[in-house]
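Heads up, final.txt below (compact mmCIF, C-alpha atoms and all ligand atoms):
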# COMPACT_ATOMS: atom_id res chain seq x y z
CA MET R 1 -121.22 -50.46 -126.82
CA LEU R 2 -122.82 -53.87 -127.10
CA VAL R 3 -122.60 -56.08 -123.98
CA THR R 4 -124.25 -59.25 -122.64
CA LEU R 5 -126.83 -59.44 -119.88
CA LYS R 6 -124.28 -61.04 -117.59
CA GLN R 7 -121.89 -58.10 -118.12
CA ILE R 8 -124.50 -55.39 -117.67
CA LEU R 9 -125.95 -56.99 -114.53
CA LYS R 10 -122.47 -57.00 -112.99
CA ILE R 11 -122.62 -53.20 -113.18
CA ALA R 12 -125.99 -53.28 -111.40
CA GLU R 13 -124.64 -55.63 -108.73
CA ALA R 14 -121.59 -53.42 -108.12
CA LYS R 15 -123.82 -50.34 -107.71
CA SER R 16 -126.67 -52.13 -105.87
CA CYS R 17 -129.11 -50.72 -108.38
CA ALA R 18 -131.31 -52.07 -111.19
CA ILE R 19 -130.80 -51.66 -114.92
CA GLY R 20 -133.85 -50.46 -116.85
CA SER R 21 -134.91 -52.95 -119.49
CA PHE R 22 -137.22 -51.42 -122.07
CA ASN R 23 -139.15 -52.97 -124.95
CA SER R 24 -138.30 -51.28 -128.24
CA PRO R 25 -140.77 -52.63 -130.80
CA ASN R 26 -140.05 -49.88 -133.33
CA LEU R 27 -137.39 -47.38 -134.35
CA GLU R 28 -138.99 -44.50 -132.45
CA SER R 29 -138.90 -46.25 -129.08
CA LEU R 30 -135.30 -47.30 -129.75
CA GLN R 31 -134.32 -43.69 -130.43
CA ALA R 32 -136.10 -42.49 -127.27
CA ILE R 33 -134.58 -45.15 -124.99
CA LEU R 34 -131.02 -44.69 -126.25
CA ALA R 35 -131.27 -40.89 -126.09
CA ALA R 36 -132.40 -41.17 -122.44
CA ALA R 37 -129.57 -43.60 -121.60
CA GLU R 38 -126.91 -41.44 -123.23
CA GLU R 39 -128.20 -38.26 -121.63
CA LEU R 40 -128.06 -39.85 -118.17
CA ASN R 41 -124.96 -41.89 -119.01
CA GLN R 42 -126.70 -45.09 -117.90
CA PRO R 43 -126.31 -48.68 -119.07
CA VAL R 44 -129.51 -49.96 -120.64
CA ILE R 45 -131.17 -53.13 -121.89
CA LEU R 46 -133.16 -53.01 -125.15
CA MET R 47 -135.73 -55.76 -125.53
CA HIS R 48 -137.65 -57.27 -128.40
CA ALA R 49 -140.67 -59.24 -127.13
CA GLN R 50 -141.92 -62.18 -129.17
CA VAL R 51 -145.53 -61.32 -128.24
CA HIS R 52 -145.26 -57.84 -129.77
CA GLU R 53 -145.15 -59.40 -133.21
CA GLU R 54 -148.72 -60.62 -132.66
CA MET R 55 -149.73 -57.00 -131.99
CA GLY R 56 -148.57 -55.90 -135.46
CA LEU R 57 -145.28 -54.41 -134.26
CA CYS R 58 -141.89 -55.03 -135.86
CA LYS R 59 -140.79 -58.58 -136.59
CA MET R 60 -137.60 -59.69 -134.90
CA ASP R 61 -135.85 -60.08 -138.25
CA GLU R 62 -136.66 -56.44 -139.08
CA ILE R 63 -135.86 -54.74 -135.78
CA ALA R 64 -132.94 -56.85 -134.47
CA PRO R 65 -130.36 -55.54 -136.97
CA ILE R 66 -131.38 -51.95 -136.12
CA MET R 67 -131.25 -52.64 -132.36
CA LEU R 68 -127.78 -54.14 -132.73
CA PHE R 69 -126.52 -51.35 -135.00
CA MET R 70 -127.68 -48.65 -132.60
CA ALA R 71 -126.49 -50.50 -129.50
CA ASP R 72 -123.05 -50.91 -131.01
CA ARG R 73 -122.75 -47.18 -131.70
CA ALA R 74 -124.12 -46.07 -128.32
CA LYS R 75 -121.85 -44.29 -125.84
CA VAL R 76 -123.15 -46.42 -122.93
CA PRO R 77 -123.21 -50.22 -122.37
CA VAL R 78 -126.26 -51.69 -124.12
CA CYS R 79 -127.53 -55.26 -123.95
CA VAL R 80 -129.80 -56.40 -126.79
CA HIS R 81 -132.17 -58.91 -125.26
CA LEU R 82 -134.99 -61.16 -126.46
CA ASP R 83 -137.92 -60.82 -124.06
CA HIS R 84 -140.24 -63.80 -123.40
CA GLY R 85 -139.12 -66.15 -126.15
CA THR R 86 -141.66 -68.93 -125.77
CA ASP R 87 -140.38 -71.14 -128.63
CA LEU R 88 -136.88 -72.56 -128.67
CA SER R 89 -136.72 -72.06 -132.44
CA TYR R 90 -137.53 -68.36 -131.99
CA VAL R 91 -134.85 -68.07 -129.29
CA HIS R 92 -132.39 -69.74 -131.65
CA ARG R 93 -133.27 -67.25 -134.41
CA GLY R 94 -132.64 -64.38 -131.98
CA LEU R 95 -129.20 -65.77 -131.23
CA GLU R 96 -128.49 -66.14 -134.95
CA LEU R 97 -129.41 -62.49 -135.44
CA GLY R 98 -126.91 -61.48 -132.75
CA PHE R 99 -128.92 -60.85 -129.58
CA THR R 100 -126.47 -60.79 -126.67
CA SER R 101 -129.09 -62.18 -124.31
CA VAL R 102 -132.30 -64.18 -124.53
CA MET R 103 -135.14 -64.93 -122.16
CA TYR R 104 -136.53 -68.39 -122.61
CA ASP R 105 -140.01 -68.24 -121.10
CA GLY R 106 -141.34 -71.65 -120.15
CA SER R 107 -143.50 -70.28 -117.37
CA ALA R 108 -146.70 -71.62 -118.95
CA LEU R 109 -145.26 -75.17 -118.95
CA SER R 110 -144.76 -77.66 -116.15
CA VAL R 111 -141.62 -76.98 -114.14
CA GLU R 112 -140.03 -80.12 -115.61
CA GLU R 113 -140.66 -78.96 -119.20
CA ASN R 114 -139.55 -75.44 -118.34
CA TYR R 115 -136.34 -76.90 -116.88
CA ALA R 116 -135.64 -79.16 -119.90
CA ASN R 117 -136.23 -76.37 -122.44
CA THR R 118 -134.25 -73.83 -120.42
CA CYS R 119 -131.29 -76.26 -120.36
CA MET R 120 -131.47 -76.43 -124.17
CA ALA R 121 -131.63 -72.62 -124.40
CA VAL R 122 -128.56 -72.30 -122.13
CA GLU R 123 -126.63 -74.81 -124.24
CA THR R 124 -127.51 -73.03 -127.48
CA ALA R 125 -126.85 -69.53 -126.11
CA ALA R 126 -123.41 -70.63 -124.89
CA ARG R 127 -122.42 -71.33 -128.51
CA TYR R 128 -123.16 -67.67 -129.31
CA GLY R 129 -121.57 -66.22 -126.15
CA ALA R 130 -125.00 -64.92 -125.10
CA SER R 131 -126.66 -64.82 -121.67
CA VAL R 132 -129.94 -66.48 -120.67
CA GLU R 133 -132.78 -65.31 -118.44
CA ALA R 134 -135.56 -67.72 -117.48
CA GLU R 135 -138.65 -67.59 -115.29
CA VAL R 136 -139.80 -69.72 -112.38
CA GLY R 137 -143.40 -69.21 -111.29
CA SER R 138 -145.63 -67.23 -113.61
CA MET R 139 -146.50 -63.58 -114.15
CA GLY R 140 -149.93 -64.56 -115.46
CA ALA R 141 -150.91 -61.98 -118.07
CA ARG R 142 -148.44 -61.29 -120.86
CA GLU R 143 -147.18 -57.93 -122.15
CA GLY R 144 -150.12 -55.72 -123.03
CA GLY R 145 -152.00 -57.30 -120.15
CA ASP R 146 -153.62 -60.02 -122.20
CA GLY R 147 -153.47 -63.75 -121.53
CA ASP R 148 -155.58 -65.80 -119.21
CA GLY R 149 -152.87 -66.83 -116.79
CA GLU R 150 -153.15 -66.49 -113.08
CA SER R 151 -149.99 -65.32 -111.32
CA ILE R 152 -148.10 -68.12 -109.55
CA TYR R 153 -145.53 -66.66 -107.17
CA THR R 154 -142.00 -68.03 -107.44
CA ASP R 155 -141.24 -70.75 -104.92
CA PRO R 156 -137.77 -70.12 -103.39
CA ASP R 157 -136.75 -73.80 -103.20
CA THR R 158 -137.74 -74.40 -106.82
CA ALA R 159 -135.89 -71.22 -107.83
CA LYS R 160 -132.69 -72.42 -106.10
CA TRP R 161 -132.86 -75.84 -107.76
CA PHE R 162 -133.71 -74.34 -111.17
CA VAL R 163 -130.88 -71.80 -111.14
CA GLU R 164 -128.28 -74.32 -110.00
CA GLU R 165 -129.30 -77.03 -112.46
CA THR R 166 -129.87 -74.91 -115.57
CA GLY R 167 -126.90 -72.51 -115.28
CA ILE R 168 -128.98 -69.45 -116.28
CA ASP R 169 -127.56 -65.93 -115.84
CA ALA R 170 -130.65 -64.19 -114.42
CA LEU R 171 -133.96 -65.30 -112.91
CA ALA R 172 -137.33 -63.64 -113.52
CA CYS R 173 -139.45 -63.99 -110.39
CA ALA R 174 -143.17 -63.56 -109.80
CA PHE R 175 -143.98 -61.77 -106.55
CA GLY R 176 -146.95 -59.54 -107.26
CA THR R 177 -146.22 -57.55 -110.40
CA VAL R 178 -148.05 -58.12 -113.68
CA HIS R 179 -147.58 -56.96 -117.26
CA GLY R 180 -149.73 -54.16 -118.62
CA PHE R 181 -151.99 -51.81 -116.66
CA TYR R 182 -152.88 -52.71 -113.08
CA LEU R 183 -156.56 -53.10 -112.32
CA SER R 184 -155.84 -52.58 -108.62
CA GLU R 185 -152.79 -51.35 -106.72
CA PRO R 186 -150.02 -53.97 -106.81
CA LYS R 187 -149.13 -55.58 -103.46
CA LEU R 188 -145.60 -56.91 -103.70
CA ASP R 189 -144.32 -59.82 -101.62
CA PHE R 190 -141.04 -58.26 -100.46
CA GLU R 191 -140.15 -61.13 -98.12
CA ARG R 192 -140.25 -63.52 -101.06
CA VAL R 193 -137.77 -61.33 -102.97
CA SER R 194 -135.33 -61.38 -100.03
CA LYS R 195 -135.76 -65.10 -99.48
CA ILE R 196 -135.08 -65.98 -103.14
CA ARG R 197 -132.14 -63.56 -103.24
CA SER R 198 -130.57 -65.32 -100.22
CA MET R 199 -130.86 -68.69 -101.95
CA ILE R 200 -129.66 -68.03 -105.52
CA GLN R 201 -126.38 -66.82 -106.97
CA VAL R 202 -127.64 -64.93 -110.04
CA PRO R 203 -129.34 -61.52 -110.39
CA MET R 204 -133.13 -61.34 -110.08
CA VAL R 205 -135.43 -59.75 -112.63
CA MET R 206 -138.73 -57.95 -112.05
CA HIS R 207 -141.18 -57.99 -114.96
CA GLY R 208 -144.27 -55.79 -115.00
CA GLY R 209 -142.31 -52.67 -113.97
CA SER R 210 -144.98 -50.13 -115.00
CA GLY R 211 -147.32 -48.79 -112.34
CA VAL R 212 -145.15 -49.66 -109.33
CA SER R 213 -144.65 -46.88 -106.77
CA THR R 214 -141.21 -45.30 -106.33
CA ALA R 215 -141.10 -46.63 -102.76
CA ASP R 216 -141.78 -50.17 -104.00
CA TYR R 217 -139.11 -49.92 -106.72
CA LYS R 218 -136.61 -48.80 -104.07
CA GLU R 219 -137.61 -51.63 -101.75
CA VAL R 220 -137.25 -54.41 -104.36
CA ILE R 221 -133.92 -53.00 -105.53
CA LYS R 222 -132.72 -52.94 -101.91
CA ARG R 223 -133.76 -56.58 -101.64
CA GLY R 224 -131.88 -57.67 -104.78
CA ILE R 225 -133.79 -56.91 -108.00
CA ARG R 226 -131.19 -55.97 -110.64
CA LYS R 227 -133.19 -55.76 -113.89
CA ILE R 228 -136.58 -54.08 -114.22
CA ASN R 229 -138.67 -54.68 -117.33
CA TYR R 230 -140.69 -51.64 -118.28
CA TYR R 231 -142.83 -50.84 -121.31
CA THR R 232 -146.52 -50.07 -120.73
CA TYR R 233 -146.07 -46.65 -119.11
CA MET R 234 -143.43 -45.44 -121.56
CA SER R 235 -145.72 -46.44 -124.41
CA LYS R 236 -148.62 -44.68 -122.69
CA ALA R 237 -146.48 -41.53 -122.28
CA GLY R 238 -145.97 -41.46 -126.05
CA ALA R 239 -149.67 -41.94 -126.71
CA VAL R 240 -150.78 -39.27 -124.22
CA ALA R 241 -148.34 -36.71 -125.68
CA ILE R 242 -150.01 -36.80 -129.09
CA SER R 243 -153.60 -37.58 -128.16
CA ASN R 244 -154.97 -34.05 -127.80
CA LYS R 245 -153.17 -32.29 -130.62
CA GLU R 246 -153.97 -31.90 -134.26
CA TYR R 247 -151.04 -32.65 -136.51
CA GLY R 248 -150.64 -31.74 -140.14
CA GLN R 249 -147.53 -33.88 -140.45
CA PHE R 250 -147.01 -37.42 -139.20
CA HIS R 251 -143.34 -36.77 -138.38
CA ASP R 252 -144.29 -33.98 -135.95
CA ALA R 253 -146.49 -36.41 -134.02
CA VAL R 254 -143.69 -38.98 -134.05
CA ASN R 255 -141.17 -36.46 -132.72
CA ASP R 256 -143.48 -35.40 -129.88
CA ALA R 257 -144.08 -39.03 -128.95
CA ILE R 258 -140.34 -39.76 -128.96
CA ALA R 259 -139.70 -36.78 -126.65
CA ALA R 260 -142.39 -37.95 -124.21
CA ILE R 261 -141.13 -41.55 -124.20
CA LYS R 262 -137.59 -40.32 -123.61
CA GLU R 263 -138.69 -38.28 -120.58
CA ASP R 264 -140.61 -41.22 -119.13
CA VAL R 265 -137.62 -43.55 -119.63
CA LYS R 266 -135.33 -41.00 -117.99
CA GLN R 267 -137.55 -40.88 -114.91
CA ALA R 268 -137.53 -44.67 -114.73
CA MET R 269 -133.74 -44.75 -115.08
CA ILE R 270 -133.31 -42.18 -112.33
CA THR R 271 -135.33 -44.37 -109.96
CA PHE R 272 -133.87 -47.73 -111.00
CA GLY R 273 -130.31 -46.43 -111.02
CA ASN R 274 -130.57 -44.68 -107.61
CA LEU R 275 -129.49 -41.45 -109.35
P1 LIG R 301 -144.97 -53.49 -118.08
O1 LIG R 301 -146.06 -53.96 -118.97
O2 LIG R 301 -145.41 -53.41 -116.64
O3 LIG R 301 -144.34 -52.24 -118.52
O4 LIG R 301 -143.83 -54.63 -118.09
C1 LIG R 301 -143.11 -54.92 -119.24
C2 LIG R 301 -142.42 -56.23 -119.12
O5 LIG R 301 -142.34 -56.80 -118.06
C3 LIG R 301 -141.84 -56.80 -120.35
O6 LIG R 301 -141.32 -58.07 -120.13
Is it possible to express this structure as structure tokens?
Amino acid sequence: MLVTLKQILKIAEAKSCAIGSFNSPNLESLQAILAAAEELNQPVILMHAQVHEEMGLCKMDEIAPIMLFMADRAKVPVCVHLDHGTDLSYVHRGLELGFTSVMYDGSALSVEENYANTCMAVETAARYGASVEAEVGSMGAREGGDGDGESIYTDPDTAKWFVEETGIDALACAFGTVHGFYLSEPKLDFERVSKIRSMIQVPMVMHGGSGVSTADYKEVIKRGIRKINYYTYMSKAGAVAISNKEYGQFHDAVNDAIAAIKEDVKQAMITFGNL
């Protein structure tokens, strides 16, 4: 059942848990994520990241119709979300294709430019009945861990102003997580999460969900994180499952990878959903 981000995050708010938000850059990851969600009877967010196209993965125009088709048929609530749309034209295309939620990512811009572009994204998304996530501060490295950015933690006063003036539905905050593999153990700024939560009226999003300890997931969820973006470790689980075997058939390798990704996603859902 296809839902918006606003609708799915209401479920998270009511249960004081977080919804797992997983990148699905190909059919196999989509199958694994939805199988995990249906098996655990959990709402789920499927994400297409703009940056994955640069890594040779599916184009939005190819994968979006499949994401939407499968989300619609799923037995659990599914939001189909555009992750880190850095161009307004790309965000617009996502809305045209039917995404029920988009993230406009202006975190590399000045706060004024980020604000102005986010306002435009909110106005456009409203015409499609879709939700909008935006980011204040910066995660630094992008998905896959590349990018030269240094992390700039979200300032609570700026976050309050930004949320109130843009009318976004969810706020991505930087407080110590990064995309991709961690080079050293992440040290999360829990006080910052609580402070921002006390000042804004919309759910908070944690990006860079891979490699965080179970205790830290629990702590940020307790302090108000309602959406956790997760990809690197589920992708690694698929790779590890097929790395030491010899396959005669490609489809056997694919099926083993899907099974491993599904198990990894299930574990993440159990933690995020307080199951
Ligand atoms: P990881 O790279 O930590 O899995 O995070 C994914 C993410 O935040 C996508 O937006």
Nearest to ligand LIG 301 (chain R), restricted to all atoms listed in the file and choosing among R:His84, R:Lys218, R:Arg192, R:His207, comes out as R:His207
Mind dumping a table of every segment 45-162 of chain R residue within 12 Å of segment 7-21 of chain R, with the nearest atom pair and its distance in Å to one decimal, using all atoms listed in the file, sorted by chain and rising number, as a Markdown table?
| residue | atom | partner | partner_atom | distance |
| --- | --- | --- | --- | --- |
| R:Ile45 | CA | R:Ser21 | CA | 4.4 |
| R:Leu46 | CA | R:Ser21 | CA | 5.9 |
| R:Met47 | CA | R:Ser21 | CA | 6.7 |
| R:His48 | CA | R:Ser21 | CA | 10.3 |
| R:Ala49 | CA | R:Ser21 | CA | 11.5 |
| R:Val76 | CA | R:Ile8 | CA | 10.5 |
| R:Pro77 | CA | R:Ile8 | CA | 7.1 |
| R:Val78 | CA | R:Ile8 | CA | 7.6 |
| R:Cys79 | CA | R:Ile8 | CA | 7.0 |
| R:Val80 | CA | R:Ser21 | CA | 9.6 |
| R:His81 | CA | R:Ser21 | CA | 8.7 |
| R:Leu82 | CA | R:Ser21 | CA | 10.8 |
| R:Asp83 | CA | R:Ser21 | CA | 9.6 |
| R:Thr100 | CA | R:Gln7 | CA | 10.1 |
| R:Ser101 | CA | R:Gln7 | CA | 10.3 |
| R:Gly129 | CA | R:Gln7 | CA | 11.4 |
| R:Ala130 | CA | R:Gln7 | CA | 10.2 |
| R:Ser131 | CA | R:Gln7 | CA | 9.0 |
| R:Val132 | CA | R:Gln7 | CA | 11.9 |
| R:Glu133 | CA | R:Leu9 | CA | 11.5 |
Could I get the residues of chain R with an atom no further than 9 Å from an atom of ligand LIG 301 (chain R), each paired with its nearest atom pair and that distance in Å to one decimal, using all atoms listed in the file, sorted by chain and residue number, as JSON lines?
{"residue": "R:Ser21", "atom": "CA", "partner": "R:LIG301", "partner_atom": "C3", "distance": 8.0}
{"residue": "R:Phe22", "atom": "CA", "partner": "R:LIG301", "partner_atom": "C3", "distance": 7.3}
{"residue": "R:Asn23", "atom": "CA", "partner": "R:LIG301", "partner_atom": "C3", "distance": 6.6}
{"residue": "R:Met47", "atom": "CA", "partner": "R:LIG301", "partner_atom": "C3", "distance": 8.1}
{"residue": "R:Ala49", "atom": "CA", "partner": "R:LIG301", "partner_atom": "O6", "distance": 7.1}
{"residue": "R:Asp83", "atom": "CA", "partner": "R:LIG301", "partner_atom": "O6", "distance": 5.9}
{"residue": "R:His84", "atom": "CA", "partner": "R:LIG301", "partner_atom": "O6", "distance": 6.7}
{"residue": "R:Met139", "atom": "CA", "partner": "R:LIG301", "partner_atom": "O5", "distance": 8.9}
{"residue": "R:Arg142", "atom": "CA", "partner": "R:LIG301", "partner_atom": "O6", "distance": 7.8}
{"residue": "R:Glu143", "atom": "CA", "partner": "R:LIG301", "partner_atom": "O1", "distance": 5.2}
{"residue": "R:Gly144", "atom": "CA", "partner": "R:LIG301", "partner_atom": "O1", "distance": 6.0}
{"residue": "R:Gly145", "atom": "CA", "partner": "R:LIG301", "partner_atom": "O1", "distance": 6.9}
{"residue": "R:Thr177", "atom": "CA", "partner": "R:LIG301", "partner_atom": "O2", "distance": 7.5}
{"residue": "R:Val178", "atom": "CA", "partner": "R:LIG301", "partner_atom": "O2", "distance": 6.2}
{"residue": "R:His179", "atom": "CA", "partner": "R:LIG301", "partner_atom": "O1", "distance": 3.8}
{"residue": "R:Gly180", "atom": "CA", "partner": "R:LIG301", "partner_atom": "O1", "distance": 3.7}
{"residue": "R:Phe181", "atom": "CA", "partner": "R:LIG301", "partner_atom": "O1", "distance": 6.7}
{"residue": "R:Tyr182", "atom": "CA", "partner": "R:LIG301", "partner_atom": "O2", "distance": 8.3}
{"residue": "R:Met206", "atom": "CA", "partner": "R:LIG301", "partner_atom": "O5", "distance": 7.1}
{"residue": "R:His207", "atom": "CA", "partner": "R:LIG301", "partner_atom": "O5", "distance": 3.5}
{"residue": "R:Gly208", "atom": "CA", "partner": "R:LIG301", "partner_atom": "O2", "distance": 3.1}
{"residue": "R:Gly209", "atom": "CA", "partner": "R:LIG301", "partner_atom": "O2", "distance": 4.2}
{"residue": "R:Ser210", "atom": "CA", "partner": "R:LIG301", "partner_atom": "O2", "distance": 3.7}
{"residue": "R:Gly211", "atom": "CA", "partner": "R:LIG301", "partner_atom": "O2", "distance": 6.6}
{"residue": "R:Val212", "atom": "CA", "partner": "R:LIG301", "partner_atom": "O2", "distance": 8.2}
{"residue": "R:Ile228", "atom": "CA", "partner": "R:LIG301", "partner_atom": "O5", "distance": 7.4}
{"residue": "R:Asn229", "atom": "CA", "partner": "R:LIG301", "partner_atom": "O5", "distance": 4.3}
{"residue": "R:Tyr230", "atom": "CA", "partner": "R:LIG301", "partner_atom": "O3", "distance": 3.7}
{"residue": "R:Tyr231", "atom": "CA", "partner": "R:LIG301", "partner_atom": "O3", "distance": 3.5}
{"residue": "R:Thr232", "atom": "CA", "partner": "R:LIG301", "partner_atom": "O3", "distance": 3.8}
{"residue": "R:Tyr233", "atom": "CA", "partner": "R:LIG301", "partner_atom": "O3", "distance": 5.9}
{"residue": "R:Met234", "atom": "CA", "partner": "R:LIG301", "partner_atom": "O3", "distance": 7.5}
{"residue": "R:Ser235", "atom": "CA", "partner": "R:LIG301", "partner_atom": "O3", "distance": 8.4}
Glu38 of chain R environment, 12 Å, all atoms listed in the file, sequence neighbours closer than 6 positions dropped, as a PDB file with C-alpha atoms, in the coordinates of the input:
ATOM      1  CA  MET R   1    -121.220 -50.460-126.820  1.00  0.00           C
ATOM      2  CA  GLN R  31    -134.320 -43.690-130.430  1.00  0.00           C
ATOM      3  CA  ALA R  32    -136.100 -42.490-127.270  1.00  0.00           C
ATOM      4  CA  VAL R  44    -129.510 -49.960-120.640  1.00  0.00           C
ATOM      5  CA  MET R  70    -127.680 -48.650-132.600  1.00  0.00           C
ATOM      6  CA  ALA R  71    -126.490 -50.500-129.500  1.00  0.00           C
ATOM      7  CA  ARG R  73    -122.750 -47.180-131.700  1.00  0.00           C
ATOM      8  CA  ALA R  74    -124.120 -46.070-128.320  1.00  0.00           C
ATOM      9  CA  LYS R  75    -121.850 -44.290-125.840  1.00  0.00           C
ATOM     10  CA  VAL R  76    -123.150 -46.420-122.930  1.00  0.00           C
ATOM     11  CA  PRO R  77    -123.210 -50.220-122.370  1.00  0.00           C
ATOM     12  CA  VAL R  78    -126.260 -51.690-124.120  1.00  0.00           C
ATOM     13  CA  LYS R 262    -137.590 -40.320-123.610  1.00  0.00           C
ATOM     14  CA  VAL R 265    -137.620 -43.550-119.630  1.00  0.00           C
ATOM     15  CA  LYS R 266    -135.330 -41.000-117.990  1.00  0.00           C
ATOM     16  CA  MET R 269    -133.740 -44.750-115.080  1.00  0.00           C
TER      17      MET R 269
END
Would you mind reading off the distance between atom CA of Glu96 of chain R and atom CA of Gly56 of chain R, one decimal, in Å? 22.5 Å
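Between atom CA of Leu2 of chain R and atom CA of Tyr128 of chain R there is a distance of 14.0 Å.
Across the structure, atom CA of Glu112 of chain R and atom CA of Gln50 of chain R are spaced 22.6 Å apart.
Restricting the calculation to all atoms listed in the file, the smallest distance between Lys227 of chain R and any of R:Asp169, R:Glu164, R:Asp105, R:Glu53 is found for R:Asp169.
The nearest approach to Ile66 of chain R among the residues R:Cys173, R:Ala116, R:Leu27, R:Leu95, with only C-alpha atoms taken into account, belongs to R:Leu27.
Restricting the calculation to all atoms listed in the file, the smallest distance between Ile33 of chain R and any of R:Ala259, R:Ala215, R:Val51, R:Met103 is found for R:Ala259.
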Do a neighbour search on Ile225 of chain R at 6 Å with all atoms listed in the file, toss out local chain neighbours closer than 5 positions, and write the hits as a ChimeraX atom specification. /R:204-205,220
Find the residues with any atom within 10 Å of (-130.2, -72.3, -105.9); use all atoms listed in the file and the coordinates as given in the file, and write the answer as a PyMOL selection string. chain R and resi 156-165+167+196-202
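Around Tyr115 of chain R, within 10 Å and counting only C-alpha atoms, the residues found are Gly106, Ser107, Leu109, Ser110, Met120, Ala121, Ala134, Glu135, Val136, Trp161, Phe162, Val163, Glu165 and Thr166 of chain R, once anything fewer than 5 positions away on its own chain is removed.
Comparing the minimum interatomic distances between Leu88 of chain R and each of R:Asp61, R:Arg223, R:Tyr217, R:Glu123, counting all atoms listed in the file, we find that R:Glu123 sits nearest.
Across R:Asn117, R:Asp87, R:Tyr153, R:Leu188, the tightest approach to Ala174 of chain R is made by R:Tyr153 when counting all atoms listed in the file.
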Return as AutoDock Vina command-line options the box centre and box size in Å, one decimal, for an axis-aligned box around all listed atoms of segment 52-58 of chain R padded by 8 Å per side.
--center_x -145.8 --center_y -57.5 --center_z -132.8 --size_x 23.8 --size_y 22.2 --size_z 22.1
